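The structure under discussion appears below in the form of C-alpha cells.
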Amino acid sequence: MDQLSVSSMFIKAHITNLVKFLDPKTILYVCIVVLVTLWIYWLFCVPFVWIKYLDDVSYSKVSKREDFCRNNNKRDAINRIRKAKKNSSNEMPPPFPNGWYAILESSKVRPGEAKFVACLGEKLVVYRTQKHKVFVLDAYCPHLGANLGVGGRVVGDNIECPFHQWSFRGEDGSCNNIPYSTSIPRGTNVKKWISQEVNDFIFIWYHAESTDPWELPVTMEIQEKNISYHGRNEFYINCHIQEIPENGADMAHFSAIHSESFLAGSLAPSKSLLGQFGCHKWNARWLPGTGEEKHVAEITLTHSLQIIRKVHCFLMNVSVKQIGPSFVYLKMNSSTFGQIQVLQTITPIEPLLQKVVHRFYGPRWLGPLLKVLIYGESVMFERDINMWNHKVFRRNPILAKEDSSIKQFRMWYSQFYTSSSKQFSQVTNDDW
C-alpha cells in the first residue's frame with residue numbers, strides 16, 4: 001500500500017469520526033453560535049454606510065408626473081428640473097464661497113496612491129507618499145495635458161506623469177525631472193494647493209483673493225483615535241451650497257418637516273402610519289461668531305423623542321459649530337449614552353451639485369445605538385433634500401419676524417464672498 005492510499009484512509013477515518021461527533025443538534029448549535037457572534041461583531045465593529053445619489057432621493061416619482069410625461073426616463077425629468085434651477089442663477093450668490101473644503105476622506109487614498117478629484121470648478125490630483133504625507137496639485141500636466149491623477153506614479157514626494165514621466169514636486173508643484181531631457185523649460189510647474197489632513201478628511205483652502213487661511217479645528221478624540229468610527233452617510237444634492245447650512249438657522253423648519261418619527265421615512269412622513277410611533281421635539285438657537293472667530297457660527301439644539309404624552313426618551317443636548325461655508329462639527333451629549341460626535345462636510349462638485357458627507361464617532365460599546373442614529377439622521381437629512389432638490393434660491397425672500405435668524409445667517413455667510421468670487425456665468429458649462 002503506497003503512502004497516498006494510507007493518507008487517504010487516515011483522512012476518511014477522521015472525517016467519519018468527526019461526522020459521528022457532530023450530530024445534527026451539535027451542528028445547529030455551532031451555526032447559531034457562529035451567526036450570533038457575527039451579528040454581535042457587525043453591531044459593534046462594522047461601520048454602517050448609507051449612500052444616496054442624486055436620483056435616489058426625492059426624484060423617485062418625478063418621471064410619473066404629468067408635467068414630465070414626455071420624458072423617456074427619470075434622468076430626463078431630473079435634468080429638466082436642474083436646467084430650470086440653472087436659469088434662475090441670477091438670484092444666487094457665487095457658487096463657490098471662500099474657505100476650507102474637504103475634497104476627500106483620508107481613507108480613500110492609500111500610501112503611494114494618487115486620486116483625481118473634480119470639484120469647485122477645479123481638476124485636482126491628491127496623492128499620499130509612502131511616509132503618509134498628502135499633497136494636492138492641479139491635475140493636468142503642462143506638457144501635453146495628461147491627467148496626473150489617472151495612472152500617475154508617486155515617487156518620494158513627487159507625482160510622475162503617466163504619459164512621459166515628467167515629475168512634479170509636491171511641496172511647490174515645480175517640475176524637477178524630465179527623464180529624456182537634460183534641461184527643464186522655465187516656469188514648468190502645476191499649481192500647488194494649500195492642504196491639510198485633519199479629522200479623517202483632506203481639506204484644501206479655496207479663496208478668490210489668495211488670503212491666508214484661518215485655522216482648522218482639530219478634534220483630538222478623532223485625530224488620536226480615542227473614540228471609534230461607526231459609519232458614514234453620503235448624499236448628492238441639487239442646490240446652492242449656502243442653502244444647506246442655512247437650514248441650521250431656519251428654526252421653523254424643524255417642527256415642519258422633522259417632527260414625525262424617523263420610522264415614517266423621508267418622502268411622505270406625515271402620511272405614514274409609522275409616523276404615529278413617536279414625535280421628535282426640537283428647540284434650537286443660532287448665533288454668529290465675532291472677532292477672530294467670525295468665520296464660526298454656533299447652533300444649540302435640544303432634542304427628545306416623545307413616545308406618548310409627557311413620556312420622552314433620547315434626550316440630547318446638541319452643540320453645533322459651523323466653521324466656514326462647508327464644515328460642521330457636531331457634539332451630541334446625553335446623560336444616558338454619553339457623547340457622540342459627527343462631522344459634516346459639503347463639497348461643491350458643480351455649481352448646483354453638492355456632495356455631503358457625515359461621519360459618526362462614539363465609544364465602541366455604543367455601536368448598536370450609533371447604527372440607529374445613522375439611520376435616523378439619514379432619514380431626517382433626506383427630508384431636507386426633498387426640499388433642496390426642488391426649491392429655488394431667493395436672494396431677497398419675504399420673511400416673517402420669527403425668521404430673523406435666517407437674515408442673521410445670510411449676513412454672516414456673506415463674508416465668504418468677495419468681489420473676485422467667480423460668478424455662475426464664469427463657471428457654468430454644458431456638462432452640469
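Going by the C-alpha cells order, chains are called A, B, ..., each with residues numbered from 1, while ligands are numbered from 1 in the order shown.
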(request) If you run DSSP over the backbone, which residues in stretch 307-417 of chain A end up strand (DSSP E)? Put them as an NGL selection string. (result) :A and (307-308 or 311-323 or 327-334 or 338-350 or 353-362)
So that each row is one residue of stretch 313-411 of chain A with an atom at most 10 Å from stretch 211-225 of chain A, can you give its shortest atom pair and the distance in Å to one decimal, using only C-alpha atoms, rows by chain and rising number, as JSON lines?
```
{"residue": "A:Ile323", "atom": "CA", "partner": "A:Leu216", "partner_atom": "CA", "distance": 8.2}
{"residue": "A:Gly324", "atom": "CA", "partner": "A:Trp214", "partner_atom": "CA", "distance": 9.2}
{"residue": "A:Phe327", "atom": "CA", "partner": "A:Leu216", "partner_atom": "CA", "distance": 9.5}
{"residue": "A:Tyr329", "atom": "CA", "partner": "A:Thr219", "partner_atom": "CA", "distance": 8.8}
{"residue": "A:Gln341", "atom": "CA", "partner": "A:Ile222", "partner_atom": "CA", "distance": 8.9}
{"residue": "A:Leu343", "atom": "CA", "partner": "A:Thr219", "partner_atom": "CA", "distance": 9.8}
{"residue": "A:Tyr361", "atom": "CA", "partner": "A:Ile222", "partner_atom": "CA", "distance": 7.6}
{"residue": "A:Gly362", "atom": "CA", "partner": "A:Ile222", "partner_atom": "CA", "distance": 9.3}
```
Would you output that residue set with C-alpha atoms, as a PDB file, in the first residue's frame?
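Final output, saved to result.pdb:
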```
ATOM      1  CA  ILE A 323     -16.868  76.523  10.552  1.00  0.00           C
ATOM      2  CA  GLY A 324     -16.700  78.492   7.343  1.00  0.00           C
ATOM      3  CA  PHE A 327     -17.569  72.241   7.544  1.00  0.00           C
ATOM      4  CA  TYR A 329     -18.572  69.860  13.880  1.00  0.00           C
ATOM      5  CA  GLN A 341     -19.540  63.325  17.554  1.00  0.00           C
ATOM      6  CA  LEU A 343     -18.510  65.698  11.194  1.00  0.00           C
ATOM      7  CA  TYR A 361     -17.916  58.705  16.123  1.00  0.00           C
ATOM      8  CA  GLY A 362     -18.517  57.446  19.644  1.00  0.00           C
TER       9      GLY A 362
END
```
(message) Could you list, as a ChimeraX atom specification, every residue within 9 Å of A:Gly265, counting only C-alpha atoms and ignoring same-chain residues fewer than 2 positions away?
(response) /A:260-263,267-269,272,274-275,376,379-380,382-383
(message) To test your reading of the structure, identify every residue in stretch 197-370 of chain A that backbone DSSP assigns to alpha helix (DSSP H), and report it as a PyMOL selection string.
(response) chain A and resi 220-223+243-246+252-257+367-370
Stretch 72-183 of chain A near stretch 228-244 of chain A within 8 Å: what's each residue's closest atom pair and its distance in Å to one decimal, counting only C-alpha atoms, ordered by chain then ascending residue number, as a Markdown table?
```
| residue | atom | partner | partner_atom | distance |
| --- | --- | --- | --- | --- |
| A:Arg82 | CA | A:Asn238 | CA | 7.1 |
| A:Met92 | CA | A:His240 | CA | 7.6 |
| A:Pro95 | CA | A:His240 | CA | 6.6 |
| A:Phe96 | CA | A:Ile241 | CA | 7.7 |
```
Can I get the selected residues back with N, CA, C and O atoms, as a PDB file, in the first residue's frame?
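Result saved to result26.pdb:
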```pdb
ATOM      1  N   ARG A  82     -33.116  70.530 -13.096  1.00  0.00           N
ATOM      2  CA  ARG A  82     -31.819  71.161 -12.882  1.00  0.00           C
ATOM      3  C   ARG A  82     -31.617  72.330 -13.841  1.00  0.00           C
ATOM      4  O   ARG A  82     -31.050  73.362 -13.469  1.00  0.00           O
ATOM      5  N   MET A  92     -28.807  83.829  -7.349  1.00  0.00           N
ATOM      6  CA  MET A  92     -27.928  83.146  -6.410  1.00  0.00           C
ATOM      7  C   MET A  92     -26.607  83.872  -6.190  1.00  0.00           C
ATOM      8  O   MET A  92     -26.105  84.550  -7.081  1.00  0.00           O
ATOM      9  N   PRO A  95     -21.169  80.544  -6.717  1.00  0.00           N
ATOM     10  CA  PRO A  95     -21.352  79.136  -6.376  1.00  0.00           C
ATOM     11  C   PRO A  95     -20.293  78.540  -5.452  1.00  0.00           C
ATOM     12  O   PRO A  95     -20.542  77.523  -4.813  1.00  0.00           O
ATOM     13  N   PHE A  96     -19.103  79.174  -5.383  1.00  0.00           N
ATOM     14  CA  PHE A  96     -18.013  78.617  -4.591  1.00  0.00           C
ATOM     15  C   PHE A  96     -17.518  79.642  -3.575  1.00  0.00           C
ATOM     16  O   PHE A  96     -16.615  80.437  -3.864  1.00  0.00           O
TER      17      PHE A  96
END
```
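Counting only C-alpha atoms, A:Val318 has the following residues at most 10 Å away, ignoring those fewer than 5 positions along the same chain: Ala284, Ile299, Thr300, Leu301, Thr302, His303, Leu330, Lys331, Met332, Asn333, Ser334, Gln339, Ile340 and Gln341 of chain A.
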Would you put the residues from that selection into a file with N, CA and C atoms, as an mmCIF file, in the first residue's frame?
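To be explicit, this is the file written out as result.cif:
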```cif
data_model
loop_
_atom_site.group_PDB
_atom_site.id
_atom_site.type_symbol
_atom_site.label_atom_id
_atom_site.label_comp_id
_atom_site.auth_asym_id
_atom_site.auth_seq_id
_atom_site.Cartn_x
_atom_site.Cartn_y
_atom_site.Cartn_z
ATOM 1 N N ALA A 284 -34.163 75.107 19.143
ATOM 2 C CA ALA A 284 -32.885 75.476 18.519
ATOM 3 C C ALA A 284 -32.618 76.966 18.645
ATOM 4 N N ILE A 299 -24.791 76.673 16.761
ATOM 5 C CA ILE A 299 -26.196 76.287 16.914
ATOM 6 C C ILE A 299 -26.304 75.409 18.150
ATOM 7 N N THR A 300 -27.249 75.721 19.013
ATOM 8 C CA THR A 300 -27.528 74.865 20.169
ATOM 9 C C THR A 300 -28.918 74.271 19.984
ATOM 10 N N LEU A 301 -28.992 72.964 20.187
ATOM 11 C CA LEU A 301 -30.241 72.231 19.982
ATOM 12 C C LEU A 301 -30.534 71.363 21.200
ATOM 13 N N THR A 302 -31.793 71.224 21.527
ATOM 14 C CA THR A 302 -32.218 70.181 22.466
ATOM 15 C C THR A 302 -33.201 69.296 21.717
ATOM 16 N N HIS A 303 -33.079 67.996 21.926
ATOM 17 C CA HIS A 303 -33.921 67.039 21.214
ATOM 18 C C HIS A 303 -34.470 66.006 22.180
ATOM 19 N N LEU A 330 -20.219 68.627 15.142
ATOM 20 C CA LEU A 330 -21.423 68.463 15.958
ATOM 21 C C LEU A 330 -21.153 67.511 17.118
ATOM 22 N N LYS A 331 -21.568 67.923 18.319
ATOM 23 C CA LYS A 331 -21.471 67.076 19.504
ATOM 24 C C LYS A 331 -22.861 66.821 20.068
ATOM 25 N N MET A 332 -23.172 65.554 20.293
ATOM 26 C CA MET A 332 -24.421 65.176 20.953
ATOM 27 C C MET A 332 -24.089 64.678 22.350
ATOM 28 N N ASN A 333 -24.694 65.289 23.357
ATOM 29 C CA ASN A 333 -24.453 64.885 24.734
ATOM 30 C C ASN A 333 -25.738 64.355 25.351
ATOM 31 N N SER A 334 -25.639 63.145 25.916
ATOM 32 C CA SER A 334 -26.780 62.517 26.566
ATOM 33 C C SER A 334 -26.341 61.988 27.921
ATOM 34 N N GLN A 339 -21.238 60.945 24.984
ATOM 35 C CA GLN A 339 -21.040 61.886 23.875
ATOM 36 C C GLN A 339 -20.855 61.173 22.546
ATOM 37 N N ILE A 340 -21.518 61.705 21.535
ATOM 38 C CA ILE A 340 -21.389 61.249 20.156
ATOM 39 C C ILE A 340 -20.954 62.447 19.324
ATOM 40 N N GLN A 341 -20.031 62.234 18.384
ATOM 41 C CA GLN A 341 -19.540 63.325 17.554
ATOM 42 C C GLN A 341 -19.803 63.030 16.076
#
```
(message) I want to know what sits within 8 Å of A:Cys161, based on only C-alpha atoms, with residues of the same chain fewer than 6 positions away left out; could you give that as a VMD selection string?
(response) chain A and resid 141 146 to 148 151 to 153 167
Store the residues of this selection in a file with C-alpha atoms, as a compact mmCIF listing (two decimals), in the first residue's frame.
```txt
# COMPACT_ATOMS: atom_id res chain seq x y z
CA CYS A 141 0.40 68.09 -16.85
CA ALA A 146 -2.12 64.15 -19.24
CA ASN A 147 -4.10 63.64 -16.02
CA LEU A 148 -1.65 63.11 -13.16
CA GLY A 151 -2.14 56.50 -13.66
CA GLY A 152 0.27 59.00 -12.09
CA ARG A 153 3.06 57.37 -10.09
CA SER A 167 8.00 64.59 -12.34
```
Set the distance at 7 Å and use only C-alpha atoms: which residues neighbour A:Val154 once local chain neighbours fewer than 5 positions away are removed? I'd like the list as a PDB file with all heavy atoms, in the first residue's frame.
```
ATOM      1  N   GLY A 112       1.266  55.857  -1.434  1.00  0.00           N
ATOM      2  CA  GLY A 112       1.715  55.545  -2.781  1.00  0.00           C
ATOM      3  C   GLY A 112       0.619  55.626  -3.827  1.00  0.00           C
ATOM      4  O   GLY A 112       0.835  55.256  -4.985  1.00  0.00           O
ATOM      5  N   GLU A 113      -0.551  56.160  -3.453  1.00  0.00           N
ATOM      6  CA  GLU A 113      -1.682  56.212  -4.379  1.00  0.00           C
ATOM      7  C   GLU A 113      -2.019  57.647  -4.747  1.00  0.00           C
ATOM      8  O   GLU A 113      -1.860  58.559  -3.936  1.00  0.00           O
ATOM      9  CB  GLU A 113      -2.899  55.543  -3.733  1.00  0.00           C
ATOM     10  CG  GLU A 113      -4.079  55.365  -4.665  1.00  0.00           C
ATOM     11  CD  GLU A 113      -5.222  54.608  -4.024  1.00  0.00           C
ATOM     12  OE1 GLU A 113      -5.375  54.682  -2.777  1.00  0.00           O
ATOM     13  OE2 GLU A 113      -5.972  53.941  -4.748  1.00  0.00           O
ATOM     14  N   THR A 129       2.206  60.079  -0.040  1.00  0.00           N
ATOM     15  CA  THR A 129       3.523  59.453  -0.147  1.00  0.00           C
ATOM     16  C   THR A 129       3.593  58.214   0.753  1.00  0.00           C
ATOM     17  O   THR A 129       2.696  57.970   1.566  1.00  0.00           O
ATOM     18  CB  THR A 129       4.630  60.435   0.261  1.00  0.00           C
ATOM     19  OG1 THR A 129       4.570  60.647   1.691  1.00  0.00           O
ATOM     20  CG2 THR A 129       4.468  61.770  -0.455  1.00  0.00           C
ATOM     21  N   ILE A 159       4.942  63.510  -7.851  1.00  0.00           N
ATOM     22  CA  ILE A 159       3.980  62.775  -8.674  1.00  0.00           C
ATOM     23  C   ILE A 159       4.529  62.745 -10.090  1.00  0.00           C
ATOM     24  O   ILE A 159       4.938  63.771 -10.641  1.00  0.00           O
ATOM     25  CB  ILE A 159       2.578  63.418  -8.626  1.00  0.00           C
ATOM     26  CG1 ILE A 159       1.582  62.605  -9.446  1.00  0.00           C
ATOM     27  CG2 ILE A 159       2.601  64.873  -9.085  1.00  0.00           C
ATOM     28  CD1 ILE A 159       1.101  61.350  -8.787  1.00  0.00           C
ATOM     29  N   GLU A 160       4.581  61.554 -10.681  1.00  0.00           N
ATOM     30  CA  GLU A 160       5.179  61.365 -12.002  1.00  0.00           C
ATOM     31  C   GLU A 160       4.083  61.191 -13.046  1.00  0.00           C
ATOM     32  O   GLU A 160       3.174  60.368 -12.884  1.00  0.00           O
ATOM     33  CB  GLU A 160       6.086  60.128 -11.983  1.00  0.00           C
ATOM     34  CG  GLU A 160       6.961  59.958 -13.201  1.00  0.00           C
ATOM     35  CD  GLU A 160       7.868  58.745 -13.061  1.00  0.00           C
ATOM     36  OE1 GLU A 160       7.423  57.642 -13.453  1.00  0.00           O
ATOM     37  OE2 GLU A 160       8.999  58.911 -12.553  1.00  0.00           O
TER      38      GLU A 160
END
```
(request) Between atom CA of A:Gln408 and atom CA of A:Met387, measure the distance and give it in Å to one decimal. (result) 21.4 Å
(message) If we count only C-alpha atoms and set the cut-off at 9 Å, which residues sit around A:Glu246, ignoring sequence neighbours fewer than 5 positions away in its own chain? Please answer as an MDAnalysis selection string.
(response) chainID A and resid 406 409:410 413
Residue subset to file, keeping C-alpha atoms, as a PDB file, in the first residue's frame:
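Full text of result_19.pdb as output:
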```pdb
ATOM      1  CA  ILE A 406     -32.256  83.486   8.630  1.00  0.00           C
ATOM      2  CA  PHE A 409     -27.298  83.846   8.878  1.00  0.00           C
ATOM      3  CA  ARG A 410     -27.222  85.459   5.451  1.00  0.00           C
ATOM      4  CA  TYR A 413     -22.424  83.891   5.425  1.00  0.00           C
TER       5      TYR A 413
END
```
(request) Have a look at atom CA of A:Thr345 and atom CA of A:His358 and let me know their distance in Å, one decimal. (result)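 Here the two named atoms are 6.7 Å from each other.
Minimum atom-to-atom distance to A:Gly289, evaluated using only C-alpha atoms, belongs to A:Met411 out of A:Met411, A:Leu352, A:Ala102, A:Leu124.
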(message) One decimal, in Å: what's the spacing between atom CA of A:Leu120 and atom CA of A:Ile374?
(response) 27.7 Å
(request) Determine the nearest neighbour of A:Arg285 from the options A:Ser266, A:Ser304, A:Thr428, A:Ser404, counting only C-alpha atoms. (result)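 Nearest candidate to A:Arg285 out of A:Ser266, A:Ser304, A:Thr428, A:Ser404: A:Ser404.
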